[in-house]
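The block underneath contains the structure these notes are about, expressed in structure tokens.
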Amino acid sequence: MVVPVIRQFCSALAALVWFIAGPASYAQSLDPHKPAPLGPGVNKGNVDGGTGSHYYYFLAGPGHVSVQMAFKEMGIFGNPRQEVLSFDFYNESGKLISHNAVVSFDHLERIETGGDFGSRQKIVLAIVPQKGLVRLGGYYEVEVTGAGTFDRGTAVGPDVTPRDTSLVHPGSPLVRPGRPLLAPGQDVSHQ
């Protein structure tokens, strides 16, 4: 009788850790000194203040480079909340060359930036979520077009979708038919 209770506790603890930490990595870097390469096409990810900023790089120039960025906040327990996600671009020496902030409330917001480069340069992109007492962040997309080149053949996170932070999912039953509400052997008659 003790083993099922321990098993239930461990399962609940594992679910809590997954909810707090989020799912596994999909080729982003959390180290600003070792950014991951972006790829051609739309690169996708989920970021939050609990795990920290994501760092990528691409090669720009010579010529004009355009970068399209998008952000959808994850809300709190499925409720929308206005949030900001920063897209900061640095040159190889670590100097900030462009700061872009995307504000989202309940839907995907998009912005675009660009620049002309006289020679080929490595550009580091920091995707920085808001800091706060609660877990803030959300889903993002980045696409580099024009005179941008990549050290990776495909986009990062092609199957990544926005996280659902809802506690209740409409259309899903709270109780599964044919499954007991209590664990086998659990008795609540004395409570």
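Following the order of the structure tokens, first chain is A, next is B, and so on, with residues numbered from 1 inside each chain and ligands from 1 in the order they appear.
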Legend entry - Which of region 10-138 of chain A DSSP labels helix (DSSP H, G or I), written as a list of chain:residue names: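 These are the residues in question: A:Cys10, A:Ser11, A:Ala12, A:Leu13, A:Ala14, A:Ala15, A:Leu16, A:Val17, A:Trp18, A:Phe19, A:Ile20, A:Ala21.
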Inset, instruction - Could you give me, as a ChimeraX atom specification, the residues within 9 Å of region 146-161 of chain A, counting only C-alpha atoms and dropping anything in the same chain fewer than 2 positions from it? - result: /A:26-28,37-46,57-67,116-117,120,139,143-144,163
Serialized selection, C-alpha atoms, as a tab-separated table (two decimals), in the first residue's frame:
chain	number	residue	atom	x	y	z
A	26	TYR	CA	15.98	21.76	-29.13
A	27	ALA	CA	19.43	23.08	-30.10
A	28	GLN	CA	19.44	26.50	-28.47
A	37	PRO	CA	23.81	28.39	-35.02
A	38	LEU	CA	20.56	29.60	-36.54
A	39	GLY	CA	19.47	27.90	-39.75
A	40	PRO	CA	17.78	29.03	-42.95
A	41	GLY	CA	14.01	29.48	-42.67
A	42	VAL	CA	11.91	30.10	-39.57
A	43	ASN	CA	13.74	29.17	-36.35
A	44	LYS	CA	11.37	28.48	-33.43
A	45	GLY	CA	11.63	28.11	-29.68
A	46	ASN	CA	10.10	28.63	-26.25
A	57	TYR	CA	24.52	33.27	-34.19
A	58	PHE	CA	24.48	33.73	-37.95
A	59	LEU	CA	26.81	35.27	-40.50
A	60	ALA	CA	25.78	38.60	-42.05
A	61	GLY	CA	27.03	40.31	-45.20
A	62	PRO	CA	28.31	41.57	-47.37
A	63	GLY	CA	25.02	43.20	-48.31
A	64	HIS	CA	21.62	43.80	-46.76
A	65	VAL	CA	20.30	41.48	-44.03
A	66	SER	CA	16.70	41.44	-42.79
A	67	VAL	CA	15.56	39.72	-39.61
A	116	ASP	CA	23.74	46.74	-44.46
A	117	PHE	CA	27.09	45.03	-43.89
A	120	ARG	CA	30.95	39.20	-43.61
A	139	TYR	CA	7.08	31.23	-28.04
A	143	GLU	CA	14.05	34.32	-39.70
A	144	VAL	CA	17.15	35.84	-41.29
A	163	ARG	CA	3.50	26.04	-24.68
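Between CA of Pro35 (chain A) and CA of Lys122 (chain A) the interatomic distance comes to 10.9 Å.
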Check which residues of region 134-170 of chain A sit at most 8 Å from region 69-77 of chain A using only C-alpha atoms, and return one row each with the closest pair of atoms and their distance in Å to one decimal, ordered by chain and rising number, as a Markdown table.
| residue | atom | partner | partner_atom | distance |
| --- | --- | --- | --- | --- |
| A:Arg135 | CA | A:Ile76 | CA | 7.9 |
| A:Leu136 | CA | A:Met74 | CA | 7.3 |
| A:Gly137 | CA | A:Glu73 | CA | 5.8 |
| A:Gly138 | CA | A:Glu73 | CA | 4.4 |
| A:Tyr139 | CA | A:Lys72 | CA | 5.2 |
| A:Tyr140 | CA | A:Phe71 | CA | 4.4 |
| A:Glu141 | CA | A:Ala70 | CA | 5.0 |
| A:Val142 | CA | A:Met69 | CA | 4.7 |
| A:Glu143 | CA | A:Met69 | CA | 6.7 |
| A:Pro162 | CA | A:Met74 | CA | 7.2 |
| A:Arg163 | CA | A:Met74 | CA | 6.5 |
| A:Asp164 | CA | A:Met74 | CA | 7.0 |
| A:Thr165 | CA | A:Phe77 | CA | 4.7 |
| A:Ser166 | CA | A:Phe77 | CA | 4.4 |
| A:Leu167 | CA | A:Phe77 | CA | 5.7 |
Legend entry - Surrounding residues of Ile97 (chain A) excluding itself and chain neighbours under 3 positions, 10 Å, only C-alpha atoms, as number ranges by chain: A: 88-91, 94, 123-124
What would the file look like if the residues just selected were written as a PDB file, in the first residue's frame with N, CA and C atoms?
ATOM      1  N   ASP A  88      18.227  40.953 -28.923  1.00  0.00           N
ATOM      2  CA  ASP A  88      19.411  41.812 -28.904  1.00  0.00           C
ATOM      3  C   ASP A  88      20.495  41.222 -29.799  1.00  0.00           C
ATOM      4  N   PHE A  89      21.020  42.062 -30.716  1.00  0.00           N
ATOM      5  CA  PHE A  89      22.035  41.633 -31.660  1.00  0.00           C
ATOM      6  C   PHE A  89      23.382  42.241 -31.264  1.00  0.00           C
ATOM      7  N   TYR A  90      24.426  41.397 -31.223  1.00  0.00           N
ATOM      8  CA  TYR A  90      25.774  41.812 -30.840  1.00  0.00           C
ATOM      9  C   TYR A  90      26.748  41.458 -31.959  1.00  0.00           C
ATOM     10  N   ASN A  91      27.799  42.281 -32.105  1.00  0.00           N
ATOM     11  CA  ASN A  91      28.856  41.905 -33.030  1.00  0.00           C
ATOM     12  C   ASN A  91      29.792  40.939 -32.313  1.00  0.00           C
ATOM     13  N   GLY A  94      31.186  41.669 -28.906  1.00  0.00           N
ATOM     14  CA  GLY A  94      30.252  41.784 -27.792  1.00  0.00           C
ATOM     15  C   GLY A  94      29.554  43.125 -27.686  1.00  0.00           C
ATOM     16  N   ILE A 123      27.209  37.543 -36.201  1.00  0.00           N
ATOM     17  CA  ILE A 123      26.255  38.280 -35.376  1.00  0.00           C
ATOM     18  C   ILE A 123      25.687  37.317 -34.341  1.00  0.00           C
ATOM     19  N   VAL A 124      25.702  37.723 -33.087  1.00  0.00           N
ATOM     20  CA  VAL A 124      25.135  36.918 -31.996  1.00  0.00           C
ATOM     21  C   VAL A 124      23.798  37.518 -31.610  1.00  0.00           C
TER      22      VAL A 124
END
Inset, instruction - Enumerate, as JSON, numbers by chain, the complete set of residues in region 39-163 of chain A that a backbone-based DSSP assignment places in strand (DSSP E or B). - result: {"A": [43, 44, 45, 46, 47, 48, 52, 54, 55, 56, 57, 58, 59, 60, 61, 62, 63, 64, 65, 66, 67, 68, 69, 70, 71, 72, 73, 76, 79, 83, 84, 85, 86, 87, 88, 89, 90, 96, 97, 98, 99, 100, 101, 102, 103, 104, 109, 110, 111, 112, 113, 114, 115, 116, 117, 121, 122, 123, 124, 125, 126, 127, 128, 129, 137, 138, 139, 140, 141, 142, 143, 144, 145, 146, 147, 148, 149]}
Inset, instruction - Name all residues at most 12 Å from Gln130 (chain A) (count only C-alpha atoms; drop same-chain ones fewer than 5 positions away) and give them as a ChimeraX atom specification. - result: /A:47-53,73-74,82-87,101-104,135-138
Filtering to N, CA and C atoms, could you give me those residues as a PDB file, in the first residue's frame?
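Result file is again06.pdb:
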ATOM      1  N   VAL A  47      10.981  30.204 -24.649  1.00  0.00           N
ATOM      2  CA  VAL A  47      11.949  30.732 -23.702  1.00  0.00           C
ATOM      3  C   VAL A  47      11.204  31.242 -22.475  1.00  0.00           C
ATOM      4  N   ASP A  48      11.844  31.181 -21.313  1.00  0.00           N
ATOM      5  CA  ASP A  48      11.240  31.764 -20.118  1.00  0.00           C
ATOM      6  C   ASP A  48      12.326  32.211 -19.160  1.00  0.00           C
ATOM      7  N   GLY A  49      11.943  33.071 -18.241  1.00  0.00           N
ATOM      8  CA  GLY A  49      12.899  33.621 -17.281  1.00  0.00           C
ATOM      9  C   GLY A  49      13.496  32.581 -16.350  1.00  0.00           C
ATOM     10  N   GLY A  50      12.832  31.456 -16.182  1.00  0.00           N
ATOM     11  CA  GLY A  50      13.343  30.405 -15.310  1.00  0.00           C
ATOM     12  C   GLY A  50      14.563  29.709 -15.889  1.00  0.00           C
ATOM     13  N   THR A  51      14.558  29.456 -17.197  1.00  0.00           N
ATOM     14  CA  THR A  51      15.700  28.799 -17.831  1.00  0.00           C
ATOM     15  C   THR A  51      16.698  29.808 -18.375  1.00  0.00           C
ATOM     16  N   GLY A  52      16.267  31.028 -18.655  1.00  0.00           N
ATOM     17  CA  GLY A  52      17.178  32.075 -19.100  1.00  0.00           C
ATOM     18  C   GLY A  52      17.144  32.350 -20.586  1.00  0.00           C
ATOM     19  N   SER A  53      17.998  33.261 -21.002  1.00  0.00           N
ATOM     20  CA  SER A  53      18.066  33.711 -22.386  1.00  0.00           C
ATOM     21  C   SER A  53      18.595  32.616 -23.306  1.00  0.00           C
ATOM     22  N   GLU A  73       3.325  35.583 -25.975  1.00  0.00           N
ATOM     23  CA  GLU A  73       3.495  35.315 -24.543  1.00  0.00           C
ATOM     24  C   GLU A  73       2.776  34.039 -24.152  1.00  0.00           C
ATOM     25  N   MET A  74       3.305  33.374 -23.111  1.00  0.00           N
ATOM     26  CA  MET A  74       2.694  32.118 -22.675  1.00  0.00           C
ATOM     27  C   MET A  74       1.612  32.317 -21.626  1.00  0.00           C
ATOM     28  N   GLN A  82       0.239  40.645 -20.798  1.00  0.00           N
ATOM     29  CA  GLN A  82       1.129  41.420 -21.653  1.00  0.00           C
ATOM     30  C   GLN A  82       2.570  41.210 -21.206  1.00  0.00           C
ATOM     31  N   GLU A  83       3.410  40.777 -22.143  1.00  0.00           N
ATOM     32  CA  GLU A  83       4.809  40.524 -21.853  1.00  0.00           C
ATOM     33  C   GLU A  83       5.681  41.045 -22.981  1.00  0.00           C
ATOM     34  N   VAL A  84       6.960  41.224 -22.672  1.00  0.00           N
ATOM     35  CA  VAL A  84       7.934  41.733 -23.632  1.00  0.00           C
ATOM     36  C   VAL A  84       9.046  40.703 -23.790  1.00  0.00           C
ATOM     37  N   LEU A  85       9.463  40.489 -25.029  1.00  0.00           N
ATOM     38  CA  LEU A  85      10.614  39.645 -25.307  1.00  0.00           C
ATOM     39  C   LEU A  85      11.617  40.485 -26.087  1.00  0.00           C
ATOM     40  N   SER A  86      12.860  40.496 -25.635  1.00  0.00           N
ATOM     41  CA  SER A  86      13.908  41.287 -26.296  1.00  0.00           C
ATOM     42  C   SER A  86      14.725  40.413 -27.242  1.00  0.00           C
ATOM     43  N   PHE A  87      15.025  40.977 -28.407  1.00  0.00           N
ATOM     44  CA  PHE A  87      15.911  40.370 -29.389  1.00  0.00           C
ATOM     45  C   PHE A  87      17.099  41.320 -29.522  1.00  0.00           C
ATOM     46  N   ALA A 101      12.406  45.032 -29.122  1.00  0.00           N
ATOM     47  CA  ALA A 101      11.484  44.460 -28.144  1.00  0.00           C
ATOM     48  C   ALA A 101      10.148  44.192 -28.817  1.00  0.00           C
ATOM     49  N   VAL A 102       9.611  43.008 -28.576  1.00  0.00           N
ATOM     50  CA  VAL A 102       8.300  42.638 -29.105  1.00  0.00           C
ATOM     51  C   VAL A 102       7.359  42.496 -27.918  1.00  0.00           C
ATOM     52  N   VAL A 103       6.235  43.202 -27.964  1.00  0.00           N
ATOM     53  CA  VAL A 103       5.228  43.142 -26.906  1.00  0.00           C
ATOM     54  C   VAL A 103       4.082  42.275 -27.403  1.00  0.00           C
ATOM     55  N   SER A 104       3.681  41.299 -26.604  1.00  0.00           N
ATOM     56  CA  SER A 104       2.596  40.397 -26.984  1.00  0.00           C
ATOM     57  C   SER A 104       1.544  40.344 -25.884  1.00  0.00           C
ATOM     58  N   ARG A 135       6.968  32.839 -13.714  1.00  0.00           N
ATOM     59  CA  ARG A 135       7.618  32.396 -14.944  1.00  0.00           C
ATOM     60  C   ARG A 135       7.041  33.172 -16.127  1.00  0.00           C
ATOM     61  N   LEU A 136       7.881  34.010 -16.772  1.00  0.00           N
ATOM     62  CA  LEU A 136       7.470  34.819 -17.911  1.00  0.00           C
ATOM     63  C   LEU A 136       8.239  34.381 -19.147  1.00  0.00           C
ATOM     64  N   GLY A 137       7.638  34.550 -20.283  1.00  0.00           N
ATOM     65  CA  GLY A 137       8.289  34.190 -21.544  1.00  0.00           C
ATOM     66  C   GLY A 137       7.258  33.727 -22.534  1.00  0.00           C
ATOM     67  N   GLY A 138       7.672  32.893 -23.466  1.00  0.00           N
ATOM     68  CA  GLY A 138       6.743  32.381 -24.456  1.00  0.00           C
ATOM     69  C   GLY A 138       7.442  31.853 -25.691  1.00  0.00           C
TER      70      GLY A 138
END
Legend entry - CA of Pro32 (chain A) to CA of Tyr55 (chain A), straight-line distance in Å: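 So the answer is 5.7 Å.
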